[in-house]
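S.K.: Provided herewith: work-v5.txt, compact mmCIF, C-alpha atoms.
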```txt
# COMPACT_ATOMS: atom_id res chain seq x y z
CA MET H 824 83.57 104.93 29.74
CA ASP H 825 80.02 103.79 30.18
CA GLU H 826 79.82 105.20 33.68
CA GLN H 827 80.95 108.62 32.57
CA ARG H 828 78.43 108.69 29.79
CA ASP H 829 75.75 107.55 32.25
CA PHE H 830 76.76 110.21 34.66
CA ALA H 831 76.59 112.90 32.01
CA ARG H 832 73.13 111.65 31.16
CA PHE H 833 72.18 111.80 34.84
CA LEU H 834 73.27 115.42 35.04
CA ASN H 835 71.47 116.26 31.83
CA ALA H 836 68.35 114.53 33.02
CA VAL H 837 68.18 116.31 36.33
CA ASP H 838 69.54 119.68 35.31
CA VAL H 839 66.99 120.88 32.81
CA ASP H 840 68.79 124.06 31.81
CA GLY H 841 72.04 122.25 31.29
CA ALA H 842 73.90 124.29 33.83
CA ILE H 843 74.97 122.66 37.02
CA ALA H 844 75.24 125.72 39.15
CA GLU H 845 78.69 126.93 39.95
CA ALA H 846 77.63 129.12 42.78
CA SER H 847 77.34 126.37 45.32
CA HIS H 848 78.35 128.87 47.97
CA GLN H 849 75.14 130.79 47.38
CA ARG H 850 73.15 127.79 48.29
CA ARG H 851 75.35 126.41 51.00
CA LEU H 852 73.36 126.71 54.15
CA ALA H 853 75.03 127.42 57.41
CA LEU H 854 75.21 123.95 58.81
CA SER H 855 74.18 123.05 62.25
CA ARG H 856 77.21 122.45 64.39
CA ARG H 857 75.43 120.42 67.01
CA GLY H 858 77.07 117.35 68.47
CA LEU H 859 76.58 114.64 65.94
CA LEU H 860 77.48 116.74 62.95
CA ALA H 861 80.73 117.83 64.50
CA ALA H 862 81.60 114.25 65.25
CA ALA H 863 80.51 113.05 61.86
CA ALA H 864 82.31 115.72 59.89
CA ALA H 865 85.57 115.42 61.74
CA GLY H 866 87.96 113.58 59.51
CA ALA H 867 85.38 112.79 56.92
CA GLY H 868 88.01 111.45 54.54
CA ALA H 869 89.48 109.11 57.10
CA LEU H 870 85.95 108.01 57.87
CA LEU H 871 85.59 106.63 54.39
CA LEU H 872 89.03 105.40 53.62
CA GLY H 873 92.32 104.84 55.29
CA ARG H 874 94.45 107.97 55.57
CA SER H 875 96.78 107.03 52.79
CA GLU H 876 93.89 106.51 50.42
CA ALA H 877 91.92 109.57 51.44
CA ARG H 878 94.43 111.85 49.79
CA ALA H 879 92.98 112.47 46.38
CA ALA H 880 91.21 111.12 43.37
CA SER H 881 94.52 110.64 41.61
CA GLY H 882 94.63 106.97 42.48
CA LEU H 883 91.06 106.30 41.39
CA SER H 884 90.09 104.88 38.03
CA ALA H 885 87.87 106.90 35.72
CA ASN H 886 85.24 104.25 36.35
CA ASP H 887 85.32 104.81 40.10
CA VAL H 888 85.42 108.60 39.77
CA GLY H 889 82.26 108.40 37.66
CA ILE H 890 80.46 106.28 40.21
CA LEU H 891 81.60 108.44 43.13
CA ASN H 892 80.39 111.59 41.40
CA TYR H 893 77.06 109.97 40.72
CA ALA H 894 76.82 109.08 44.42
CA LEU H 895 77.90 112.61 45.34
CA VAL H 896 74.95 114.12 43.46
CA LEU H 897 72.56 111.86 45.35
CA GLU H 898 74.25 112.83 48.62
CA TYR H 899 73.99 116.54 47.73
CA LEU H 900 70.29 116.01 47.11
CA GLN H 901 69.75 114.32 50.44
CA ALA H 902 71.96 116.63 52.48
CA SER H 903 70.29 119.76 51.12
CA PHE H 904 66.87 118.27 51.67
CA TYR H 905 67.47 117.47 55.34
CA THR H 906 69.26 120.74 56.00
CA GLU H 907 66.41 122.73 54.52
CA ALA H 908 63.80 120.70 56.42
CA GLU H 909 65.68 121.19 59.66
CA ARG H 910 65.86 124.94 59.09
CA SER H 911 62.24 125.29 58.06
CA GLY H 912 61.14 124.60 61.63
CA ALA H 913 58.27 122.43 60.39
CA LEU H 914 59.47 119.22 62.00
CA SER H 915 58.79 118.17 65.56
CA GLY H 916 59.29 115.31 67.99
CA LYS H 917 60.94 112.10 66.82
CA THR H 918 60.86 113.25 63.20
CA ALA H 919 62.85 116.39 64.00
CA GLN H 920 65.34 114.31 65.95
CA ALA H 921 65.74 111.79 63.14
CA ALA H 922 66.11 114.54 60.54
CA ARG H 923 68.96 116.08 62.54
CA VAL H 924 70.84 112.79 62.81
CA VAL H 925 70.25 111.74 59.19
CA GLY H 926 71.01 115.22 57.86
CA ALA H 927 74.34 115.29 59.71
CA THR H 928 75.21 111.91 58.24
CA GLU H 929 74.32 112.91 54.67
CA ARG H 930 76.40 116.08 55.02
CA ALA H 931 79.28 113.95 56.28
CA HIS H 932 78.91 111.73 53.20
CA VAL H 933 79.04 114.81 50.95
CA LYS H 934 82.21 116.07 52.64
CA ALA H 935 83.85 112.69 52.45
CA PHE H 936 83.13 112.28 48.73
CA GLN H 937 84.26 115.83 47.99
CA LYS H 938 87.50 115.23 49.82
CA LEU H 939 88.05 111.91 48.12
CA LEU H 940 87.36 113.30 44.63
CA GLY H 941 89.25 116.55 45.13
CA SER H 942 89.16 118.69 41.99
CA LYS H 943 87.19 115.98 40.19
CA ALA H 944 84.17 116.41 42.43
CA VAL H 945 81.06 117.74 40.70
CA LYS H 946 79.61 120.91 42.15
CA ARG H 947 76.46 121.08 44.18
CA PRO H 948 73.37 121.65 42.03
CA LEU H 949 70.69 124.12 43.07
CA PHE H 950 67.62 122.58 44.61
CA ASP H 951 64.00 123.53 44.89
CA PHE H 952 62.17 121.12 47.12
CA GLN H 953 58.85 122.71 46.26
CA GLY H 954 57.51 122.92 49.75
CA VAL H 955 58.08 119.34 50.87
CA THR H 956 60.54 120.51 53.52
CA GLU H 957 57.89 122.72 55.07
CA ALA H 958 55.38 120.17 56.32
CA GLN H 959 56.11 117.09 58.36
CA GLN H 960 54.11 114.51 56.40
CA ALA H 961 55.34 115.76 53.04
CA PHE H 962 58.86 115.72 54.42
CA LEU H 963 58.55 112.12 55.61
CA LYS H 964 57.04 110.89 52.38
CA THR H 965 59.86 112.46 50.40
CA ALA H 966 62.49 111.18 52.84
CA VAL H 967 61.21 107.63 52.39
CA ALA H 968 61.44 108.01 48.62
CA PHE H 969 64.95 109.50 48.74
CA GLU H 970 66.31 106.88 51.11
CA ASP H 971 64.84 103.91 49.27
CA LEU H 972 66.26 105.43 46.08
CA ALA H 973 69.72 105.82 47.63
CA VAL H 974 69.74 102.20 48.81
CA ALA H 975 68.86 100.98 45.33
CA ALA H 976 71.41 103.28 43.70
CA TYR H 977 74.34 102.25 45.91
CA LYS H 978 73.37 98.62 45.51
CA GLY H 979 73.38 98.96 41.74
CA GLN H 980 76.82 100.56 41.64
CA ALA H 981 78.79 98.78 44.39
CA PRO H 982 79.68 95.68 42.34
CA LYS H 983 80.99 97.95 39.57
CA LEU H 984 83.58 99.63 41.76
CA GLN H 985 87.17 98.67 41.02
CA SER H 986 88.93 99.92 44.15
CA SER H 987 88.53 97.63 47.15
CA ALA H 988 88.95 100.56 49.51
CA VAL H 989 86.17 102.48 47.82
CA LEU H 990 83.98 99.38 47.76
CA ALA H 991 84.48 98.83 51.50
CA ALA H 992 83.40 102.42 52.11
CA ALA H 993 80.46 102.21 49.72
CA VAL H 994 78.95 99.15 51.37
CA GLY H 995 79.25 100.83 54.76
CA ILE H 996 77.30 103.80 53.38
CA HIS H 997 74.82 101.58 51.54
CA SER H 998 73.70 99.93 54.79
CA VAL H 999 73.44 103.30 56.52
CA GLU H 1000 71.10 104.50 53.76
CA ALA H 1001 69.04 101.35 54.36
CA ARG H 1002 68.86 102.19 58.06
CA HIS H 1003 67.69 105.68 57.14
CA ALA H 1004 65.06 104.24 54.81
CA ALA H 1005 63.73 102.00 57.57
CA TRP H 1006 63.79 104.81 60.10
CA MET H 1007 61.89 107.25 57.87
CA ARG H 1008 59.41 104.53 56.94
CA GLN H 1009 58.77 103.75 60.58
CA LEU H 1010 58.17 107.44 61.33
CA PHE H 1011 55.88 107.71 58.30
CA GLY H 1012 53.93 104.67 59.50
CA VAL H 1013 54.74 102.20 56.74
CA THR H 1014 56.58 98.87 56.99
CA PRO H 1015 60.32 99.56 57.33
CA ALA H 1016 61.36 96.32 55.59
CA VAL H 1017 58.99 95.17 52.88
CA ASN H 1018 60.83 92.39 51.05
CA ALA H 1019 63.43 89.77 51.95
CA PHE H 1020 65.62 91.02 49.10
CA ASP H 1021 66.10 94.70 48.26
CA LYS H 1022 66.48 95.20 44.54
CA PRO H 1023 69.10 97.44 42.92
CA ALA H 1024 68.22 100.18 40.46
CA THR H 1025 70.09 101.19 37.34
CA LYS H 1026 71.38 104.70 36.84
CA GLN H 1027 68.81 105.19 34.12
CA ASN H 1028 65.95 104.41 36.48
CA ILE H 1029 67.38 106.56 39.25
CA ASN H 1030 67.92 109.43 36.80
CA ARG H 1031 64.36 109.18 35.56
CA ILE H 1032 62.95 109.23 39.08
CA VAL H 1033 65.10 112.13 40.21
CA ALA H 1034 64.24 114.08 37.06
CA SER H 1035 60.54 113.50 37.64
CA THR H 1036 60.72 115.29 41.00
CA HIS H 1037 62.00 118.55 39.49
CA PHE H 1038 63.87 119.08 42.74
CA ILE H 1039 67.06 120.01 40.92
CA VAL H 1040 66.87 123.39 39.22
CA ALA H 1041 69.32 125.41 37.24
CA HIS H 1042 68.94 128.84 38.76
CA PRO H 1043 68.25 130.06 42.27
CA LYS H 1044 65.64 132.49 40.90
CA MET H 1045 63.36 129.63 39.94
CA LYS H 1046 63.14 128.74 43.57
CA ALA H 1047 61.73 132.10 44.64
CA ARG H 1048 59.15 131.92 41.89
CA SER H 1049 57.79 128.53 42.88
CA LYS H 1050 57.86 128.65 46.66
CA PRO H 1051 57.92 131.94 48.47
CA GLN H 1052 57.23 130.43 51.89
CA TYR H 1053 60.77 129.24 52.43
CA THR H 1054 63.45 131.82 51.83
CA GLY H 1055 66.46 130.02 53.34
CA MET I 1164 68.67 82.63 33.87
CA ALA I 1165 68.16 80.60 36.96
CA PRO I 1166 66.34 77.42 36.01
CA SER I 1167 63.96 77.38 38.93
CA ALA I 1168 62.93 80.98 38.31
CA ALA I 1169 60.30 79.27 36.21
CA LEU I 1170 58.76 78.05 39.43
CA GLY I 1171 57.33 81.50 39.64
CA THR I 1172 57.98 82.94 43.06
CA LYS I 1173 60.48 85.68 43.53
CA SER I 1174 62.22 83.91 46.37
CA ASP I 1175 62.71 80.75 44.34
CA GLY I 1176 64.28 82.73 41.56
CA GLN I 1177 66.42 84.57 44.04
CA ARG I 1178 67.54 81.40 45.72
CA SER I 1179 68.57 79.67 42.56
CA ARG I 1180 70.32 82.77 41.27
CA LEU I 1181 72.61 82.72 44.28
CA ALA I 1182 73.08 78.97 43.91
CA LEU I 1183 73.91 79.29 40.26
CA ILE I 1184 76.36 82.11 40.78
CA VAL I 1185 78.23 80.36 43.52
CA THR I 1186 78.41 76.91 42.04
CA GLY I 1187 78.65 78.00 38.46
CA GLY I 1188 75.92 75.49 37.89
CA VAL I 1189 78.40 72.63 38.07
CA GLY I 1190 79.87 70.41 40.72
CA LEU I 1191 82.52 71.88 42.93
CA ALA I 1192 85.70 69.96 42.48
CA ALA I 1193 87.66 72.51 44.45
CA ALA I 1194 85.37 72.80 47.42
CA SER I 1195 87.30 70.84 49.98
CA PRO I 1196 88.68 73.94 51.74
CA PHE I 1197 85.30 74.03 53.38
CA LEU I 1198 86.64 72.34 56.37
CA ARG I 1199 88.89 75.24 56.97
CA PRO I 1200 87.83 77.00 60.14
CA LEU I 1201 85.60 80.00 59.73
CA LEU I 1202 87.83 82.03 61.96
CA GLY I 1203 90.07 84.41 60.08
CA LEU I 1204 88.11 83.76 56.97
CA GLY I 1205 88.83 85.66 53.83
CA ALA I 1206 91.70 87.65 55.24
CA ALA I 1207 94.16 87.56 52.39
CA ASP I 1208 92.46 85.54 49.68
CA ALA I 1209 91.45 86.83 46.33
CA ALA I 1210 87.76 86.53 45.59
CA SER I 1211 86.89 83.21 44.01
CA LYS I 1212 84.00 80.78 43.91
CA ALA I 1213 85.69 78.66 46.56
CA GLU I 1214 86.11 81.72 48.73
CA ASP I 1215 82.45 82.65 48.17
CA LEU I 1216 81.49 79.23 49.48
CA ARG I 1217 83.63 79.59 52.59
CA ILE I 1218 82.04 82.95 53.28
CA LEU I 1219 78.58 81.51 52.72
CA GLN I 1220 79.24 78.98 55.49
CA LEU I 1221 79.60 81.88 57.88
CA VAL I 1222 76.53 83.57 56.41
CA LEU I 1223 74.64 80.31 56.92
CA GLN I 1224 75.44 80.39 60.64
CA LEU I 1225 74.27 83.96 60.79
CA GLU I 1226 70.97 83.28 59.08
CA TYR I 1227 70.35 80.12 61.16
CA THR I 1228 70.86 82.20 64.30
CA GLN I 1229 68.42 84.87 63.16
CA VAL I 1230 65.71 82.37 62.25
CA ALA I 1231 66.15 80.53 65.56
CA LEU I 1232 66.09 83.68 67.67
CA TYR I 1233 62.90 85.00 66.07
CA GLU I 1234 61.15 81.63 66.11
CA GLN I 1235 61.93 81.05 69.76
CA ALA I 1236 61.13 84.59 70.87
CA LEU I 1237 57.77 84.49 69.08
CA LYS I 1238 56.96 81.35 71.11
CA GLU I 1239 58.39 82.36 74.47
CA ALA I 1240 58.75 86.09 74.88
CA SER I 1241 55.11 87.23 74.95
CA LEU I 1242 55.78 89.74 72.21
CA SER I 1243 53.10 92.27 71.37
CA GLY I 1244 52.52 95.39 69.31
CA GLU I 1245 55.19 96.65 66.94
CA LEU I 1246 57.88 94.43 68.43
CA ARG I 1247 55.80 91.38 67.49
CA ASP I 1248 55.23 92.77 63.98
CA PHE I 1249 58.95 93.27 63.68
CA ALA I 1250 59.79 89.73 64.82
CA GLN I 1251 57.28 88.16 62.45
CA THR I 1252 58.39 90.26 59.49
CA ALA I 1253 62.08 89.71 60.15
CA LEU I 1254 61.54 85.97 60.61
CA GLY I 1255 59.89 85.75 57.21
CA HIS I 1256 62.83 87.53 55.60
CA GLU I 1257 65.49 85.52 57.43
CA ARG I 1258 63.83 82.26 56.39
CA GLN I 1259 64.11 83.34 52.77
CA HIS I 1260 67.75 84.34 53.27
CA LEU I 1261 68.49 81.00 54.91
CA ALA I 1262 66.84 79.09 52.09
CA ALA I 1263 68.86 81.03 49.51
CA VAL I 1264 72.15 80.41 51.30
CA LYS I 1265 71.37 76.71 51.84
CA GLN I 1266 70.55 76.29 48.20
CA ALA I 1267 73.74 78.06 47.17
CA LEU I 1268 75.79 75.74 49.36
CA GLY I 1269 73.88 72.63 48.35
CA SER I 1270 75.35 69.49 49.86
CA LYS I 1271 78.22 71.53 51.25
CA ALA I 1272 75.94 73.37 53.67
CA GLY I 1273 77.00 72.86 57.25
CA PRO I 1274 74.54 71.15 59.61
CA LYS I 1275 71.92 73.11 61.49
CA PRO I 1276 73.51 74.36 64.71
CA ARG I 1277 72.04 74.21 68.21
CA PHE I 1278 71.14 77.30 70.18
CA GLU I 1279 71.22 78.24 73.82
CA PHE I 1280 69.57 81.60 74.04
CA GLY I 1281 68.96 81.32 77.79
CA SER I 1282 66.90 84.24 79.04
CA LYS I 1283 67.29 86.16 75.76
CA THR I 1284 64.05 84.79 74.33
CA LYS I 1285 62.13 84.79 77.60
CA SER I 1286 61.04 88.42 77.77
CA ALA I 1287 60.27 91.19 75.32
CA ASP I 1288 62.99 93.43 76.76
CA ALA I 1289 65.69 90.78 76.57
CA PHE I 1290 64.65 89.80 73.07
CA ARG I 1291 64.64 93.39 71.86
CA GLN I 1292 68.18 93.96 73.09
CA THR I 1293 69.36 90.67 71.58
CA ALA I 1294 67.73 91.44 68.24
CA ILE I 1295 69.49 94.82 68.18
CA LYS I 1296 72.82 93.06 68.71
CA LEU I 1297 72.16 90.31 66.20
CA GLU I 1298 70.99 92.59 63.40
CA HIS I 1299 74.05 94.76 63.99
CA VAL I 1300 76.26 91.67 63.63
CA ALA I 1301 74.43 90.72 60.44
CA VAL I 1302 75.02 94.11 58.82
CA ALA I 1303 78.64 94.27 59.95
CA GLY I 1304 79.25 90.66 58.97
CA TYR I 1305 77.98 91.02 55.42
CA ASN I 1306 79.75 94.35 55.01
CA GLY I 1307 82.98 92.85 56.27
CA GLN I 1308 83.01 90.23 53.51
CA ALA I 1309 82.08 92.55 50.62
CA THR I 1310 85.63 92.90 49.30
CA ASN I 1311 86.24 89.13 49.56
CA LEU I 1312 83.27 88.10 47.43
CA THR I 1313 83.16 87.68 43.67
CA LYS I 1314 81.14 90.45 42.07
CA PRO I 1315 78.07 88.33 41.18
CA THR I 1316 77.84 87.02 44.75
CA LEU I 1317 78.43 90.52 46.10
CA ALA I 1318 75.43 91.70 44.11
CA VAL I 1319 73.17 89.14 45.81
CA ALA I 1320 74.69 89.76 49.25
CA GLY I 1321 73.90 93.42 48.67
CA GLU I 1322 70.22 92.57 48.29
CA ILE I 1323 70.31 90.85 51.69
CA VAL I 1324 72.48 93.22 53.72
CA SER I 1325 70.26 96.25 53.24
CA VAL I 1326 67.31 94.24 54.52
CA GLU I 1327 69.35 93.35 57.62
CA ALA I 1328 70.13 97.05 57.97
CA ARG I 1329 66.43 97.86 57.76
CA HIS I 1330 65.76 95.32 60.52
CA ALA I 1331 68.58 96.79 62.60
CA ALA I 1332 67.18 100.30 62.30
CA TRP I 1333 63.60 99.19 62.89
CA VAL I 1334 64.26 97.36 66.13
CA ARG I 1335 66.45 100.20 67.37
CA ALA I 1336 63.63 102.66 66.64
CA ILE I 1337 61.20 100.42 68.53
CA ALA I 1338 63.59 100.52 71.48
CA GLY I 1339 63.72 104.32 71.28
CA GLU I 1340 67.35 104.32 70.22
CA VAL I 1341 68.93 106.26 67.37
CA ALA I 1342 68.23 104.00 64.41
CA ALA I 1343 71.33 104.89 62.41
CA PRO I 1344 74.03 105.91 64.87
CA ASP I 1345 77.05 105.98 62.55
CA PRO I 1346 77.70 107.82 59.25
CA VAL I 1347 79.32 104.65 57.89
CA ASP I 1348 78.57 101.17 59.24
CA LYS I 1349 81.71 99.52 60.52
CA PRO I 1350 82.49 96.02 59.24
CA MET I 1351 83.27 92.97 61.38
CA THR I 1352 85.72 90.22 60.50
CA GLY I 1353 84.66 86.60 60.23
CA SER I 1354 86.13 85.79 63.63
CA GLU I 1355 84.36 88.73 65.25
CA VAL I 1356 81.07 87.57 63.78
CA ALA I 1357 81.64 84.00 64.99
CA ALA I 1358 82.42 85.24 68.51
CA ALA I 1359 79.36 87.51 68.55
CA LEU I 1360 77.09 84.67 67.39
CA HIS I 1361 78.45 82.42 70.10
CA GLU I 1362 77.78 85.08 72.71
CA ILE I 1363 74.19 85.35 71.49
CA GLY I 1364 73.66 81.59 71.75
CA LEU I 1365 74.96 79.74 68.68
CA ARG I 1366 76.44 76.34 69.53
CA ALA I 1367 78.00 73.75 67.26
CA SER I 1368 75.48 71.16 66.12
```
Could you spell out this file's structure in structure tokens?

M.R.:
Amino acid sequence: MDEQRDFARFLNAVDVDGAIAEASHQRRLALSRRGLLAAAAAGAGALLLGRSEARAASGLSANDVGILNYALVLEYLQASFYTEAERSGALSGKTAQAARVVGATERAHVKAFQKLLGSKAVKRPLFDFQGVTEAQQAFLKTAVAFEDLAVAAYKGQAPKLQSSAVLAAAVGIHSVEARHAAWMRQLFGVTPAVNAFDKPATKQNINRIVASTHFIVAHPKMKARSKPQYTG
Amino acid sequence: MAPSAALGTKSDGQRSRLALIVTGGVGLAAASPFLRPLLGLGAADAASKAEDLRILQLVLQLEYTQVALYEQALKEASLSGELRDFAQTALGHERQHLAAVKQALGSKAGPKPRFEFGSKTKSADAFRQTAIKLEHVAVAGYNGQATNLTKPTLAVAGEIVSVEARHAAWVRAIAGEVAAPDPVDKPMTGSEVAAALHEIGLRAS
């Protein structure tokens, strides 16, 4: 399957040591339980798909599993980024408020995909955001990049999905990522909607961009070495 | 390749790509179902070029409504600051969407509708609230048709819907509202979209 090969390449590209960390529990941050998260996380599977379809990945084609896992990695990246930024205490005002809402949504997306994929879900990589979660402007700039990237990634994959139920869910997430992109852009002070037509991006381009950030690392120890300020 | 992409501008290329996908570059012998009412559109039909065209008639109404609202508000609502920037930017985008949809429909495009916006374009506050509603309908309307479209048309619709979502979030942020209130945007059916457009001010031509 092309998608599976692409996905393997994505993981290889972003995970320089070739080891997607198994110890996701080490990295799992205690999530905020404030209002919106609780609402968002409740019934995350049902949120994405009808109950009968939320059961497991068993009914999904290999093609769709590959695409969903690719999306899951991007959602892990975003969710961890917002969670870490929220916990760093560096954000204030409208930006802090937006980060809480968007973070809760990205965590809900992660949960929903995990539930949908069941045992086929890839594990959460380890991240090192290299300080960008510790200053408001750096946070916003990165958030804009992540959200624009997510919009382009979902847009590139949606027409390739085979399951109508998964497609219906994916387009509903795609437009939410676009809202996030506009919101973060507005907070950063750049035009929220630049062009009349948003272009998709291929997996190869997304992989290259994600790899260039070095935000995904193989071992938690690397994190301590590069950024002692944040010890979350 | 779209033939008019050679004309050079991105929007021309975009427009003709949608036109080419939907019409297959040939005449539409099977396009008579156009007259079928928009209400209940797409419910049980498999995706097909004819179905794409029926859906595009609804999208045409949507884009006409957006262009008309922004044009009229920019004339009448004394917009200023970021809200004015938003209206001008969104109008530019909606005009390009409208042109793309019209070109895709060709001679099958429905006539330009009339609008009765009433007080909705007469003040900045009223306009802002109406724009929030309309952009929400646009996102939900496109999302609601995703599974009814052929894949090539879905790909182009995807390039439009995220721009509508950006508008939706932007105008909500201007209003001080949460820009992205739901984890997943809920779709609307064709009949829900038609009813919402009527409530905003769309009238038959």

S.K.: Using all atoms listed in the file, determine which residues of chain I fall within 8 Å of chain H; present them as a PyMOL selection string.

M.R.: chain I and resi 1252+1255-1257+1259-1260+1302+1306-1307+1309-1310+1314-1315+1317-1318+1321-1326+1328-1333+1336+1341-1350

S.K.: Using all atoms listed in the file, which of the listed residues (I:His1299, I:His1361, I:Arg1258, I:Arg1247) sits closest to Tyr1227 of chain I?

M.R.: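 Checking each candidate against Tyr1227 of chain I, we get I:Arg1258 as the closest.
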
S.K.: Choose the residue, out of H:Ala922, H:Leu900, H:Ala913, H:Ile1029, that has the smallest atom-to-atom separation from Leu972 of chain H; count only C-alpha atoms.

M.R.: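 The answer is H:Ile1029, which sits nearest to Leu972 of chain H.
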
S.K.: Have a look at I:Arg1180, I:Arg1366, I:Lys1285, I:Lys1265 and name the one nearest to Leu1242 of chain I; count only C-alpha atoms.

M.R.: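 Of I:Arg1180, I:Arg1366, I:Lys1285, I:Lys1265, the one nearest Leu1242 of chain I, counting only C-alpha atoms, is I:Lys1285.
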
S.K.: Could you tell me how far atom CA of Ala944 of chain H lies from atom CA of Asp971 of chain H, in Å and to one decimal?

M.R.: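 Between these atoms lies a distance of 24.0 Å.
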
S.K.: Skip Thr1293 of chain I itself and residues of its chain fewer than 4 positions away, then list as a list of chain:residue names all residues within 9 Å of it, counting all atoms listed in the file.

M.R.: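 The contact residues come out as I:Leu1232, I:Lys1283, I:Thr1284, I:Asp1288, I:Ala1289, I:Leu1297, I:Glu1298, I:Ile1363.
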
S.K.: Output C-alpha atoms of each residue in that selection to a file, as a JSON list (two decimals), keeping the file's coordinate frame.

M.R.:
```json
[["chain", "number", "residue", "atom", "x", "y", "z"],
["I", 1232, "LEU", "CA", 66.09, 83.68, 67.67],
["I", 1283, "LYS", "CA", 67.29, 86.16, 75.76],
["I", 1284, "THR", "CA", 64.05, 84.79, 74.33],
["I", 1288, "ASP", "CA", 62.99, 93.43, 76.76],
["I", 1289, "ALA", "CA", 65.69, 90.78, 76.57],
["I", 1297, "LEU", "CA", 72.16, 90.31, 66.20],
["I", 1298, "GLU", "CA", 70.99, 92.59, 63.40],
["I", 1363, "ILE", "CA", 74.19, 85.35, 71.49]]
```

S.K.: Could you please determine the separation between atom CA of Glu907 of chain H and atom CA of Ala973 of chain H in Å, to one decimal place?

M.R.: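 Answer for the atom CA of Glu907 of chain H to atom CA of Ala973 of chain H separation: 18.6 Å.
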
S.K.: How many Å lie between atom CA of Lys1275 of chain I and atom CA of Gln1224 of chain I, rounded to one decimal?

M.R.: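 Calculated distance between atom CA of Lys1275 of chain I and atom CA of Gln1224 of chain I is 8.1 Å.
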
S.K.: For a quick check of understanding, using only C-alpha atoms, which of H:Gln985, H:Ser942, H:Ser911, H:Thr1025 has the smallest distance to Val955 of chain H?

M.R.: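 Ranked by minimum distance to Val955 of chain H, first place goes to H:Ser911.
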
S.K.: Have a look at H:Leu914, H:Val888, H:Ile1039, H:Val945 and name the one nearest to Leu963 of chain H; count only C-alpha atoms.

M.R.: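 Selected residue with least distance to Leu963 of chain H: H:Leu914.
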
S.K.: Would you mind putting N, CA and C atoms back on segment 1273-1286 of chain I and writing the result as a PDB file, in the coordinates of the input?

M.R.:
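File written: selection.pdb
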```
ATOM      1  N   GLY I1273      76.745  73.413  55.932  1.00  0.00           N
ATOM      2  CA  GLY I1273      77.000  72.860  57.250  1.00  0.00           C
ATOM      3  C   GLY I1273      75.692  72.475  57.914  1.00  0.00           C
ATOM      4  N   PRO I1274      75.763  71.592  58.937  1.00  0.00           N
ATOM      5  CA  PRO I1274      74.540  71.150  59.610  1.00  0.00           C
ATOM      6  C   PRO I1274      73.895  72.281  60.414  1.00  0.00           C
ATOM      7  N   LYS I1275      72.624  72.105  60.691  1.00  0.00           N
ATOM      8  CA  LYS I1275      71.920  73.110  61.490  1.00  0.00           C
ATOM      9  C   LYS I1275      72.517  73.131  62.893  1.00  0.00           C
ATOM     10  N   PRO I1276      72.905  74.297  63.367  1.00  0.00           N
ATOM     11  CA  PRO I1276      73.510  74.360  64.710  1.00  0.00           C
ATOM     12  C   PRO I1276      72.456  74.268  65.817  1.00  0.00           C
ATOM     13  N   ARG I1277      72.927  74.132  67.042  1.00  0.00           N
ATOM     14  CA  ARG I1277      72.040  74.210  68.210  1.00  0.00           C
ATOM     15  C   ARG I1277      72.107  75.632  68.751  1.00  0.00           C
ATOM     16  N   PHE I1278      71.147  75.955  69.586  1.00  0.00           N
ATOM     17  CA  PHE I1278      71.140  77.300  70.180  1.00  0.00           C
ATOM     18  C   PHE I1278      70.834  77.245  71.658  1.00  0.00           C
ATOM     19  N   GLU I1279      71.523  78.051  72.394  1.00  0.00           N
ATOM     20  CA  GLU I1279      71.220  78.240  73.820  1.00  0.00           C
ATOM     21  C   GLU I1279      71.045  79.724  74.059  1.00  0.00           C
ATOM     22  N   PHE I1280      69.821  80.171  73.879  1.00  0.00           N
ATOM     23  CA  PHE I1280      69.570  81.600  74.040  1.00  0.00           C
ATOM     24  C   PHE I1280      69.363  81.994  75.497  1.00  0.00           C
ATOM     25  N   GLY I1281      69.157  81.009  76.367  1.00  0.00           N
ATOM     26  CA  GLY I1281      68.960  81.320  77.790  1.00  0.00           C
ATOM     27  C   GLY I1281      67.783  82.255  77.973  1.00  0.00           C
ATOM     28  N   SER I1282      67.995  83.313  78.731  1.00  0.00           N
ATOM     29  CA  SER I1282      66.900  84.240  79.040  1.00  0.00           C
ATOM     30  C   SER I1282      66.606  85.204  77.886  1.00  0.00           C
ATOM     31  N   LYS I1283      67.411  85.145  76.827  1.00  0.00           N
ATOM     32  CA  LYS I1283      67.290  86.160  75.760  1.00  0.00           C
ATOM     33  C   LYS I1283      65.970  86.072  74.995  1.00  0.00           C
ATOM     34  N   THR I1284      65.334  84.915  75.025  1.00  0.00           N
ATOM     35  CA  THR I1284      64.050  84.790  74.330  1.00  0.00           C
ATOM     36  C   THR I1284      62.881  84.694  75.325  1.00  0.00           C
ATOM     37  N   LYS I1285      63.162  84.992  76.582  1.00  0.00           N
ATOM     38  CA  LYS I1285      62.130  84.790  77.600  1.00  0.00           C
ATOM     39  C   LYS I1285      61.330  86.046  77.937  1.00  0.00           C
ATOM     40  N   SER I1286      61.813  87.195  77.521  1.00  0.00           N
ATOM     41  CA  SER I1286      61.040  88.420  77.770  1.00  0.00           C
ATOM     42  C   SER I1286      61.203  89.361  76.586  1.00  0.00           C
TER      43      SER I1286
END
```
